[in-house]
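Here is target_12.txt, consisting of compact mmCIF, C-alpha atoms and all ligand atoms:
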# COMPACT_ATOMS: atom_id res chain seq x y z
CA MET A 21 0.00 0.00 0.00
CA LEU A 22 1.10 3.56 -0.68
CA LYS A 23 0.33 5.74 2.32
CA VAL A 24 0.50 9.51 2.66
CA LYS A 25 0.68 10.58 6.31
CA LYS A 26 0.51 14.27 7.18
CA PHE A 27 1.45 15.55 10.62
CA GLY A 28 0.60 19.08 11.78
CA GLY A 29 2.74 21.46 13.82
CA SER A 30 1.65 20.22 17.23
CA SER A 31 2.53 16.65 16.22
CA VAL A 32 6.17 17.60 15.60
CA ARG A 33 6.57 20.40 18.13
CA ASP A 34 9.51 18.84 20.06
CA LYS A 35 11.95 15.95 20.14
CA GLU A 36 9.54 13.59 21.85
CA ARG A 37 6.75 14.26 19.32
CA ILE A 38 9.17 13.98 16.39
CA PHE A 39 10.19 10.51 17.55
CA ASN A 40 6.54 9.60 18.10
CA VAL A 41 5.86 10.43 14.43
CA ALA A 42 9.05 8.70 13.30
CA ARG A 43 8.01 5.49 15.06
CA ARG A 44 4.51 5.55 13.54
CA CYS A 45 5.96 5.92 10.05
CA VAL A 46 8.58 3.21 10.61
CA GLU A 47 5.83 0.86 11.78
CA ASP A 48 4.04 1.12 8.42
CA TYR A 49 7.30 0.89 6.53
CA ARG A 50 8.27 -2.30 8.34
CA ALA A 51 4.82 -3.74 7.61
CA GLY A 52 5.74 -3.39 3.91
CA ASP A 53 3.98 -0.15 2.99
CA ASP A 54 5.42 2.68 0.91
CA VAL A 55 5.33 5.76 3.13
CA ILE A 56 5.28 9.46 2.20
CA VAL A 57 5.30 11.79 5.19
CA VAL A 58 4.15 15.40 4.81
CA LEU A 59 5.08 17.76 7.64
CA SER A 60 4.15 21.22 8.89
CA ALA A 61 6.52 23.56 10.69
CA MET A 62 7.21 22.70 14.34
CA GLY A 63 4.64 23.90 16.90
CA ASP A 64 3.70 27.50 16.22
CA SER A 65 6.99 28.36 14.58
CA THR A 66 5.22 29.79 11.52
CA ASP A 67 3.65 32.41 13.82
CA GLY A 68 7.12 33.06 15.21
CA LEU A 69 8.51 33.67 11.73
CA LEU A 70 5.68 36.06 10.91
CA GLU A 71 6.35 37.95 14.12
CA LYS A 72 10.02 38.29 13.19
CA ALA A 73 9.05 39.63 9.77
CA ARG A 74 6.71 42.19 11.35
CA GLU A 75 9.51 43.42 13.61
CA ILE A 76 11.72 44.07 10.61
CA ASN A 77 9.11 45.41 8.20
CA PRO A 78 5.35 45.40 8.83
CA ASP A 79 4.77 45.83 5.09
CA ALA A 80 7.11 43.09 3.97
CA LYS A 81 6.68 41.90 0.38
CA LYS A 82 4.67 38.70 0.04
CA ARG A 83 7.47 37.11 -1.95
CA GLU A 84 9.90 37.60 0.91
CA LEU A 85 7.36 36.40 3.45
CA ASP A 86 7.06 33.15 1.51
CA MET A 87 10.82 32.83 1.34
CA LEU A 88 10.83 33.12 5.13
CA LEU A 89 7.81 30.95 5.95
CA ALA A 90 8.98 28.10 3.74
CA THR A 91 11.95 27.60 6.06
CA GLY A 92 9.67 26.32 8.85
CA GLU A 93 8.67 23.16 7.01
CA GLN A 94 12.23 22.57 5.91
CA VAL A 95 13.35 22.40 9.55
CA SER A 96 10.72 19.74 10.28
CA VAL A 97 11.54 17.45 7.37
CA ALA A 98 15.28 17.57 7.99
CA LEU A 99 14.89 16.74 11.69
CA MET A 100 12.40 13.98 10.87
CA ALA A 101 14.85 12.42 8.42
CA MET A 102 17.50 12.47 11.15
CA ALA A 103 15.07 10.83 13.61
CA ILE A 104 13.98 8.08 11.20
CA ASP A 105 17.58 7.50 10.19
CA SER A 106 18.53 7.03 13.84
CA LEU A 107 15.88 4.28 14.01
CA GLY A 108 17.79 2.48 11.28
CA VAL A 109 15.35 3.06 8.40
CA PRO A 110 16.39 4.56 5.04
CA CYS A 111 14.68 7.87 4.32
CA ILE A 112 15.10 11.18 2.56
CA SER A 113 13.71 14.69 3.09
CA LEU A 114 12.58 16.75 0.08
CA ASN A 115 11.43 20.36 -0.29
CA ALA A 116 9.14 21.87 -2.92
CA PHE A 117 11.99 22.32 -5.40
CA GLN A 118 13.34 18.82 -5.08
CA VAL A 119 9.95 17.20 -5.58
CA ALA A 120 8.95 19.91 -7.97
CA MET A 121 5.58 20.96 -6.58
CA HIS A 122 4.40 23.63 -9.04
CA THR A 123 1.93 26.31 -7.99
CA THR A 124 0.38 29.50 -9.28
CA SER A 125 2.44 32.63 -8.66
CA THR A 126 0.22 34.17 -5.97
CA TYR A 127 2.55 34.47 -2.99
CA GLN A 128 0.95 33.65 0.40
CA ASN A 129 -2.03 32.05 -1.26
CA ALA A 130 -0.72 29.86 -4.08
CA ARG A 131 -2.60 26.92 -5.58
CA PHE A 132 -1.13 23.69 -6.85
CA LYS A 133 -0.91 23.30 -10.59
CA ARG A 134 1.10 20.12 -10.90
CA ILE A 135 3.23 17.83 -8.76
CA ASP A 136 5.98 15.83 -10.44
CA ALA A 137 5.86 12.23 -9.30
CA GLU A 138 9.29 11.07 -10.59
CA ARG A 139 11.54 11.99 -7.71
CA ILE A 140 9.22 10.69 -4.99
CA THR A 141 8.55 7.49 -6.94
CA HIS A 142 12.26 6.98 -7.47
CA GLU A 143 12.98 7.30 -3.74
CA LEU A 144 10.09 4.99 -2.83
CA ASP A 145 11.40 2.43 -5.32
CA ASN A 146 14.66 2.53 -3.39
CA ARG A 147 12.62 1.59 -0.31
CA LYS A 148 13.04 4.94 1.42
CA ILE A 149 10.52 6.76 3.56
CA VAL A 150 10.02 10.06 1.73
CA ILE A 151 9.55 13.12 3.93
CA VAL A 152 8.11 16.14 2.14
CA THR A 153 7.65 19.78 3.19
CA GLY A 154 4.00 20.80 3.45
CA PHE A 155 2.66 24.30 2.77
CA GLN A 156 5.21 25.32 0.10
CA GLY A 157 5.51 25.25 -3.66
CA ILE A 158 7.45 26.84 -6.50
CA ASN A 159 6.08 29.15 -9.17
CA LYS A 160 7.01 29.90 -12.77
CA TYR A 161 9.68 32.37 -11.64
CA ASP A 162 11.34 29.59 -9.61
CA ASP A 163 10.33 31.42 -6.43
CA LEU A 164 9.05 29.74 -3.31
CA THR A 165 5.33 30.19 -2.63
CA THR A 166 3.10 29.18 0.27
CA LEU A 167 -0.44 27.86 0.13
CA GLY A 168 -2.13 29.93 2.85
CA ARG A 169 -2.23 29.18 6.58
CA GLY A 170 -2.95 25.53 7.29
CA GLY A 171 -1.90 24.60 3.75
CA SER A 172 0.09 21.47 4.60
CA ASP A 173 -3.13 19.46 4.51
CA THR A 174 -3.45 20.47 0.87
CA THR A 175 0.08 19.31 0.11
CA ALA A 176 -0.77 15.88 1.52
CA VAL A 177 -3.93 15.53 -0.56
CA ALA A 178 -2.24 16.83 -3.72
CA ILE A 179 0.57 14.30 -3.33
CA ALA A 180 -1.91 11.50 -2.59
CA ALA A 181 -3.78 12.41 -5.77
CA ALA A 182 -0.65 12.79 -7.92
CA LEU A 183 0.78 9.44 -6.81
CA HIS A 184 -2.53 7.59 -6.60
CA ALA A 185 -1.99 6.74 -2.94
CA ASP A 186 -4.16 4.11 -1.30
CA GLU A 187 -4.55 6.10 1.90
CA CYS A 188 -4.23 9.71 3.01
CA GLU A 189 -4.19 10.27 6.76
CA ILE A 190 -4.18 13.72 8.36
CA PHE A 191 -2.77 13.46 11.88
CA THR A 192 -3.49 16.30 14.26
CA ASP A 193 -4.01 17.12 17.94
CA VAL A 194 -7.69 16.12 18.12
CA ASP A 195 -9.26 12.71 17.46
CA GLY A 196 -11.04 13.72 14.28
CA VAL A 197 -13.63 16.13 12.95
CA TYR A 198 -16.06 17.19 15.66
CA THR A 199 -19.53 18.71 15.51
CA ALA A 200 -17.87 21.97 16.71
CA ASP A 201 -14.37 22.99 17.75
CA PRO A 202 -13.88 20.78 20.84
CA ARG A 203 -11.78 23.55 22.41
CA VAL A 204 -14.66 26.01 22.23
CA CYS A 205 -17.61 23.67 22.72
CA PRO A 206 -16.96 20.93 25.27
CA SER A 207 -20.13 19.02 24.34
CA ALA A 208 -18.92 18.63 20.71
CA ARG A 209 -18.67 15.05 19.56
CA LYS A 210 -16.58 13.25 17.01
CA LEU A 211 -18.12 12.41 13.66
CA LYS A 212 -17.45 8.95 12.27
CA GLU A 213 -17.86 10.18 8.71
CA ILE A 214 -18.59 13.42 6.90
CA THR A 215 -19.14 14.24 3.21
CA TYR A 216 -16.68 16.33 1.20
CA ASP A 217 -19.34 18.98 0.67
CA GLU A 218 -20.12 19.38 4.35
CA MET A 219 -16.45 19.31 5.31
CA LEU A 220 -15.66 21.90 2.66
CA GLU A 221 -18.26 24.26 4.09
CA MET A 222 -17.02 23.68 7.63
CA ALA A 223 -13.37 24.18 6.67
CA THR A 224 -14.19 27.34 4.72
CA LEU A 225 -16.24 28.70 7.60
CA GLY A 226 -13.67 28.32 10.34
CA ALA A 227 -13.15 24.65 11.29
CA LYS A 228 -9.40 24.82 10.84
CA VAL A 229 -8.94 21.08 11.40
CA LEU A 230 -8.61 20.82 7.59
CA HIS A 231 -7.43 23.41 5.07
CA ASN A 232 -10.44 24.05 2.83
CA ARG A 233 -8.50 23.55 -0.38
CA SER A 234 -7.41 20.11 0.77
CA VAL A 235 -11.07 19.10 0.89
CA GLU A 236 -11.71 20.62 -2.53
CA LEU A 237 -8.84 18.60 -4.00
CA ALA A 238 -9.86 15.43 -2.18
CA LYS A 239 -13.33 15.72 -3.70
CA LYS A 240 -11.98 16.48 -7.16
CA TYR A 241 -9.66 13.47 -7.19
CA GLY A 242 -11.73 11.15 -5.00
CA VAL A 243 -9.14 10.87 -2.24
CA ASP A 244 -10.71 9.47 0.94
CA LEU A 245 -9.26 11.37 3.87
CA VAL A 246 -8.90 10.16 7.42
CA VAL A 247 -8.49 12.78 10.15
CA ARG A 248 -7.08 11.35 13.39
CA SER A 249 -4.85 12.02 16.35
CA SER A 250 -1.09 11.54 16.24
CA LEU A 251 -1.17 10.89 19.99
CA ASN A 252 -3.49 7.88 20.15
CA ARG A 253 -4.84 5.06 17.98
CA ASN A 254 -8.49 6.14 17.95
CA GLU A 255 -10.43 5.65 14.76
CA GLY A 256 -10.74 9.23 13.51
CA THR A 257 -13.15 10.68 10.95
CA VAL A 258 -13.43 9.64 7.32
CA VAL A 259 -14.11 12.42 4.80
CA LYS A 260 -15.64 11.05 1.59
CA GLU A 261 -18.26 11.48 -1.14
CA GLU A 262 -21.17 9.75 0.56
CA VAL A 263 -21.70 8.66 4.12
CA LYS A 264 -23.58 5.61 5.30
CA VAL A 265 -24.53 6.70 8.79
CA GLU A 266 -27.95 8.16 9.31
CA ARG A 267 -27.89 11.75 8.26
CA MET A 268 -28.18 14.33 10.99
CA LEU A 269 -29.98 17.56 10.29
CA ILE A 270 -26.83 19.52 11.13
CA SER A 271 -23.31 18.04 11.02
CA GLY A 272 -21.45 20.91 12.56
CA VAL A 273 -21.31 24.42 13.95
CA THR A 274 -18.34 26.64 13.13
CA SER A 275 -17.09 30.11 13.88
CA ASP A 276 -14.53 32.27 12.11
CA LYS A 277 -13.20 35.20 14.03
CA SER A 278 -10.98 36.45 11.25
CA ALA A 279 -13.81 38.21 9.43
CA ALA A 280 -14.14 41.95 8.84
CA ARG A 281 -16.99 43.88 7.26
CA ILE A 282 -16.71 46.56 4.61
CA ALA A 283 -19.60 48.81 3.62
CA LEU A 284 -19.84 51.11 0.60
CA ILE A 285 -22.46 53.71 1.34
CA GLY A 286 -24.47 55.88 -1.04
CA LEU A 287 -23.60 54.17 -4.32
CA LYS A 288 -25.42 55.17 -7.49
CA ASN A 289 -28.34 52.85 -8.10
CA GLU A 290 -27.40 51.87 -11.65
CA PRO A 291 -26.11 48.80 -13.51
CA GLY A 292 -22.43 47.85 -13.29
CA ILE A 293 -21.58 49.16 -9.81
CA ALA A 294 -21.36 45.74 -8.14
CA PHE A 295 -19.29 44.49 -11.05
CA LYS A 296 -16.82 47.34 -10.68
CA ILE A 297 -16.42 46.81 -6.93
CA PHE A 298 -15.90 43.07 -6.98
CA ASN A 299 -13.84 43.06 -10.14
CA LEU A 300 -11.44 45.48 -8.48
CA LEU A 301 -11.10 43.21 -5.46
CA SER A 302 -10.81 39.99 -7.41
CA LYS A 303 -7.99 41.40 -9.53
CA LYS A 304 -6.03 41.75 -6.30
CA ASN A 305 -6.99 38.22 -5.24
CA ILE A 306 -9.08 39.47 -2.35
CA ASN A 307 -11.83 36.99 -1.60
CA VAL A 308 -15.14 38.38 -0.51
CA ASP A 309 -17.81 36.50 1.32
CA ILE A 310 -21.27 37.40 2.56
CA ILE A 311 -22.53 40.15 0.25
CA VAL A 312 -25.58 42.23 1.08
CA GLN A 313 -27.05 45.01 -1.04
CA SER A 314 -29.66 47.32 0.42
CA ILE A 315 -32.85 48.15 -1.43
CA GLY A 316 -32.27 51.33 -3.41
CA ARG A 317 -33.64 54.60 -2.04
CA ASP A 318 -33.24 58.17 -3.37
CA ASP A 319 -31.33 56.68 -6.30
CA THR A 320 -28.60 55.31 -4.05
CA LYS A 321 -27.84 51.93 -2.56
CA ASP A 322 -25.35 50.44 -0.07
CA ILE A 323 -23.31 47.29 -0.57
CA SER A 324 -21.59 45.53 2.30
CA PHE A 325 -19.57 42.36 2.38
CA THR A 326 -17.04 40.52 4.48
CA VAL A 327 -13.36 39.87 3.79
CA ASN A 328 -10.69 38.13 5.79
CA GLN A 329 -9.09 40.47 8.31
CA SER A 330 -5.71 39.88 6.70
CA ASN A 331 -7.05 41.52 3.51
CA LEU A 332 -8.84 44.40 5.19
CA LYS A 333 -6.09 46.99 4.90
CA GLU A 334 -5.40 46.28 1.23
CA ALA A 335 -9.12 46.18 0.39
CA MET A 336 -9.82 49.49 2.16
CA GLU A 337 -6.92 51.24 0.44
CA LEU A 338 -8.09 49.98 -2.93
CA LEU A 339 -11.69 51.05 -2.37
CA GLU A 340 -10.74 54.46 -0.99
CA GLU A 341 -8.53 55.07 -4.01
CA ASN A 342 -11.39 54.20 -6.35
CA LYS A 343 -14.19 55.73 -4.30
CA THR A 344 -15.20 58.28 -6.93
CA LYS A 345 -15.12 55.80 -9.78
CA LEU A 346 -17.30 53.45 -7.76
CA THR A 347 -19.70 56.33 -6.94
CA ALA A 348 -19.44 55.66 -3.20
CA GLN A 349 -20.08 58.49 -0.75
CA ARG A 350 -18.31 56.63 2.06
CA VAL A 351 -16.37 53.43 2.62
CA GLU A 352 -16.54 51.98 6.13
CA ALA A 353 -14.71 49.10 7.77
CA GLN A 354 -15.77 47.18 10.83
CA GLU A 355 -13.59 44.76 12.73
CA GLY A 356 -14.53 42.70 15.77
CA VAL A 357 -17.07 40.61 13.92
CA ALA A 358 -17.26 36.83 13.48
CA LYS A 359 -19.02 34.43 11.18
CA VAL A 360 -21.01 31.70 12.87
CA SER A 361 -22.40 28.92 10.71
CA ILE A 362 -24.40 25.74 10.86
CA VAL A 363 -23.59 23.14 8.20
CA GLY A 364 -25.53 20.05 7.22
CA ALA A 365 -26.79 18.25 4.14
CA GLY A 366 -29.93 17.48 6.14
CA MET A 367 -31.19 21.05 5.92
CA GLN A 368 -31.85 20.61 2.19
CA THR A 369 -34.94 18.59 2.96
CA ASN A 370 -36.04 20.21 6.20
CA ALA A 371 -37.94 23.44 6.52
CA GLY A 372 -37.52 25.67 9.53
CA VAL A 373 -33.78 25.29 10.06
CA ALA A 374 -33.17 29.00 9.58
CA ALA A 375 -35.98 29.89 11.96
CA GLY A 376 -34.52 27.47 14.52
CA MET A 377 -31.11 29.08 14.17
CA PHE A 378 -32.43 32.60 14.65
CA GLU A 379 -34.53 31.50 17.59
CA ALA A 380 -31.49 29.97 19.31
CA LEU A 381 -29.48 33.17 18.78
CA TYR A 382 -32.37 35.32 20.04
CA GLY A 383 -32.52 33.06 23.09
CA VAL A 384 -28.99 34.04 24.11
CA GLY A 385 -29.34 37.68 23.06
CA VAL A 386 -27.02 37.58 20.05
CA ASN A 387 -27.73 40.23 17.41
CA ILE A 388 -27.38 39.23 13.74
CA ARG A 389 -25.61 41.71 11.45
CA MET A 390 -25.67 39.82 8.14
CA ILE A 391 -27.07 36.52 6.91
CA SER A 392 -26.02 34.29 4.04
CA THR A 393 -27.11 30.81 3.00
CA SER A 394 -26.30 27.96 0.63
CA ASP A 395 -28.25 24.74 0.28
CA ILE A 396 -26.23 23.08 3.05
CA ARG A 397 -25.33 25.94 5.40
CA ILE A 398 -26.52 29.12 7.04
CA THR A 399 -24.01 31.77 8.13
CA VAL A 400 -24.62 34.82 10.29
CA LEU A 401 -22.27 37.66 11.09
CA VAL A 402 -22.27 38.54 14.79
CA ASP A 403 -20.09 40.53 17.20
CA GLU A 404 -16.87 38.67 17.81
CA ASP A 405 -17.26 38.58 21.58
CA LYS A 406 -20.60 36.78 21.17
CA ALA A 407 -19.30 34.09 18.79
CA ASP A 408 -18.53 31.39 21.38
CA LYS A 409 -21.88 31.88 23.06
CA ALA A 410 -23.60 31.62 19.68
CA VAL A 411 -21.75 28.39 18.81
CA ALA A 412 -22.73 26.82 22.15
CA ALA A 413 -26.39 27.80 21.74
CA LEU A 414 -26.57 26.44 18.17
CA HIS A 415 -24.81 23.23 19.16
CA ASP A 416 -27.30 22.75 22.01
CA LYS A 417 -30.19 23.38 19.68
CA PHE A 418 -29.22 21.24 16.69
CA ILE A 419 -26.83 18.48 17.73
CA PRO A 420 -28.55 15.73 19.68
CA GLU A 421 -26.72 14.38 22.70
CA GLU A 422 -25.10 10.99 22.25
P1 LIG B 501 -2.47 20.90 12.76
O1 LIG B 501 -1.37 21.71 13.34
O2 LIG B 501 -2.37 19.45 13.10
O3 LIG B 501 -2.69 21.15 11.30
P2 LIG B 501 -4.66 22.65 13.37
O4 LIG B 501 -4.44 23.48 14.58
O5 LIG B 501 -4.50 23.25 12.05
O6 LIG B 501 -3.78 21.35 13.53
O7 LIG B 501 -6.14 22.02 13.43
C1 LIG B 501 -6.54 21.28 14.55
C2 LIG B 501 -7.42 22.16 15.43
O8 LIG B 501 -8.62 22.48 14.75
C3 LIG B 501 -7.87 21.49 16.71
O9 LIG B 501 -6.94 21.64 17.71
C4 LIG B 501 -9.21 22.17 17.00
O10 LIG B 501 -9.10 23.10 18.06
C5 LIG B 501 -9.53 22.93 15.72
N1 LIG B 501 -10.91 22.70 15.24
C6 LIG B 501 -11.77 23.67 14.87
N2 LIG B 501 -12.95 23.15 14.52
C7 LIG B 501 -12.84 21.81 14.65
C8 LIG B 501 -13.75 20.73 14.43
N3 LIG B 501 -15.00 20.92 13.99
N4 LIG B 501 -13.31 19.46 14.68
C9 LIG B 501 -12.05 19.25 15.13
N5 LIG B 501 -11.16 20.24 15.37
C10 LIG B 501 -11.54 21.52 15.14
N1 LIG B 502 3.00 25.84 8.94
C1 LIG B 502 1.89 26.37 8.19
C2 LIG B 502 0.97 27.17 9.07
O1 LIG B 502 1.22 27.29 10.26
C3 LIG B 502 1.16 25.31 7.42
C4 LIG B 502 0.40 24.30 8.23
O2 LIG B 502 0.55 24.21 9.45
O3 LIG B 502 -0.38 23.56 7.63
O4 LIG B 502 0.02 27.70 8.60
MG MG B 503 -3.71 22.61 10.20
Please render this file's structure as structure tokens.
Amino acid sequence: MLKVKKFGGSSVRDKERIFNVARRCVEDYRAGDDVIVVLSAMGDSTDGLLEKAREINPDAKKRELDMLLATGEQVSVALMAMAIDSLGVPCISLNAFQVAMHTTSTYQNARFKRIDAERITHELDNRKIVIVTGFQGINKYDDLTTLGRGGSDTTAVAIAAALHADECEIFTDVDGVYTADPRVCPSARKLKEITYDEMLEMATLGAKVLHNRSVELAKKYGVDLVVRSSLNRNEGTVVKEEVKVERMLISGVTSDKSAARIALIGLKNEPGIAFKIFNLLSKKNINVDIIVQSIGRDDTKDISFTVNQSNLKEAMELLEENKTKLTAQRVEAQEGVAKVSIVGAGMQTNAGVAAGMFEALYGVGVNIRMISTSDIRITVLVDEDKADKAVAALHDKFIPEE
């Protein structure tokens, strides 16, 4: 069997954890499997690198940030190779260049285009454990890129797809995917299985247990993912196309505190305004989320939407610069907001889910600032300091106790 095993930062944070991972990989190798290990940077060292960059230059170029951040994963793979080697098993560490993991050129938020299989295959054929850096790639300028925070999951899935692996396991510091973040909601429980579509919504809406693009890729290439703990042997959660277990109305509740709201006030009520606004933002690769347009009055209208906090400054500068062209009287930004969502394929066939959600929020006095829906989720924007309370109330309301 060809296995891809990805271990997150907490799973390799120190010597003891590195050897724990090394032993788990060696176990599979000795059982006869081909093993590819994908690693994140140790502990929260990526945050540490970002902090260092900020100290030197708060407006550092994205290219240079990627050059810096890519070092974190390189530390992990080199140390892991040394650990596995000390256990007497042949292995080799490889970075994005050596594998040749090609991405788009968007620094800080690159997407995989192609992964060359030759080098990894060659090393596996020589019966080596292959240890690959997560999170990084190379672009057409031969520069290093990174895939966005949490992107090592995506590296694992992309490699599993490119090499047609039999198994792709994502090892982390919780036992699997829960009905809510177990650190925020103690009554959350582990799901045995979840569909790609539901997991994609949850990952996009704040459940950082999986990078959302890893789920997108897994769905596209039909890679079954298993999310499990690196610290025990519990079963974990399988992410796949269809699940057998009886469908719950709601599979999960998520919150995302990295949201910010932008409002353009007093826009001309004429065709083409929305196009101009969002075209401007998309050209700069700024993703927008919940979009609300007010009903026109006195020939003007307002448009508000959310962006990730990390894009707020750039988005505001861009909109201010183009204020006149966009016909906006004012551009306003609001931080301190959070997205809270319920996700579940079951809501497609059940009326009253939205009403139930709003009732639960009303019950704990949480005010709703914006609402957005898809066929399998409902998202509301609330004040950030109310987000945890909102998650708990929604979990109580929708997730039956075991
Ligand atoms: P890693 O470093 O292994 O990639 P992450 O910190 O990126 O780990 O993701 C694991 C974390 O995701 C958990 O510690 C947990 O707090 C958080 N999390 C958020 N939502 C969920 C959820 N629904 N199920 C499980 N974990 C979740
Ligand atoms: N080290 C990167 C990060 O902290 C990638 C990852 O952990 O998946 O975001
Ligand atoms: Mg992660």
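Proximity ranking of A:Ala180, A:Ala371, A:Ile315, A:Val204 relative to Lys288 of chain A places A:Ile315 first, based on only C-alpha atoms.
Using only C-alpha atoms and all ligand atoms, the shortest contact distance between ligand LIG 502 (chain B) and any of A:Gly170, A:Gly383, A:Gly372, A:Gly272 is found at A:Gly170.
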### Query
Looking at only C-alpha atoms and all ligand atoms, which of A:Thr192, A:Thr175, A:Thr257, A:Gln349 is the one that sits closest to ligand MG 503 (chain B)?
A:Thr192
### Query
How far is it from atom CA of Val177 of chain A to atom CA of Glu138 of chain A, in Å with one decimal?
17.2 Å
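Separating atom CA of Tyr198 of chain A from atom CA of Phe39 of chain A is a distance of 27.2 Å.
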Report the closest atom pair, with its distance in Å rounded to one decimal, for each residue of chain A that has an atom no farther than 9 Å from ligand LIG 502 (chain B); count all atoms listed in the file, sort by chain and then rising residue number, and write it as a tab-separated table.
residue	atom	partner	partner_atom	distance
A:Phe27	CA	B:LIG502	O3	8.7
A:Gly28	CA	B:LIG502	O2	5.6
A:Gly29	CA	B:LIG502	O2	5.6
A:Ser30	CA	B:LIG502	O2	8.8
A:Leu59	CA	B:LIG502	O3	8.0
A:Ser60	CA	B:LIG502	O2	4.7
A:Ala61	CA	B:LIG502	N1	4.5
A:Met62	CA	B:LIG502	N1	7.5
A:Gly63	CA	B:LIG502	O1	8.2
A:Asp64	CA	B:LIG502	O1	6.5
A:Ser65	CA	B:LIG502	O1	7.3
A:Thr66	CA	B:LIG502	O1	4.9
A:Asp67	CA	B:LIG502	O1	6.7
A:Leu89	CA	B:LIG502	N1	7.6
A:Ala90	CA	B:LIG502	N1	8.2
A:Gly92	CA	B:LIG502	N1	6.7
A:Glu93	CA	B:LIG502	N1	6.6
A:Gly154	CA	B:LIG502	C3	6.6
A:Phe155	CA	B:LIG502	C3	5.0
A:Gln156	CA	B:LIG502	C3	8.4
A:Thr166	CA	B:LIG502	C3	8.4
A:Leu167	CA	B:LIG502	C3	7.9
A:Gly168	CA	B:LIG502	O4	6.5
A:Arg169	CA	B:LIG502	O4	3.4
A:Gly170	CA	B:LIG502	O3	3.3
A:Gly171	CA	B:LIG502	O3	4.3
A:Ser172	CA	B:LIG502	O3	3.7
A:Asp173	CA	B:LIG502	O3	5.8
A:Thr174	CA	B:LIG502	O3	8.0
A:Thr175	CA	B:LIG502	O3	8.7
A:Leu230	CA	B:LIG502	O3	8.7
A:His231	CA	B:LIG502	O3	7.5
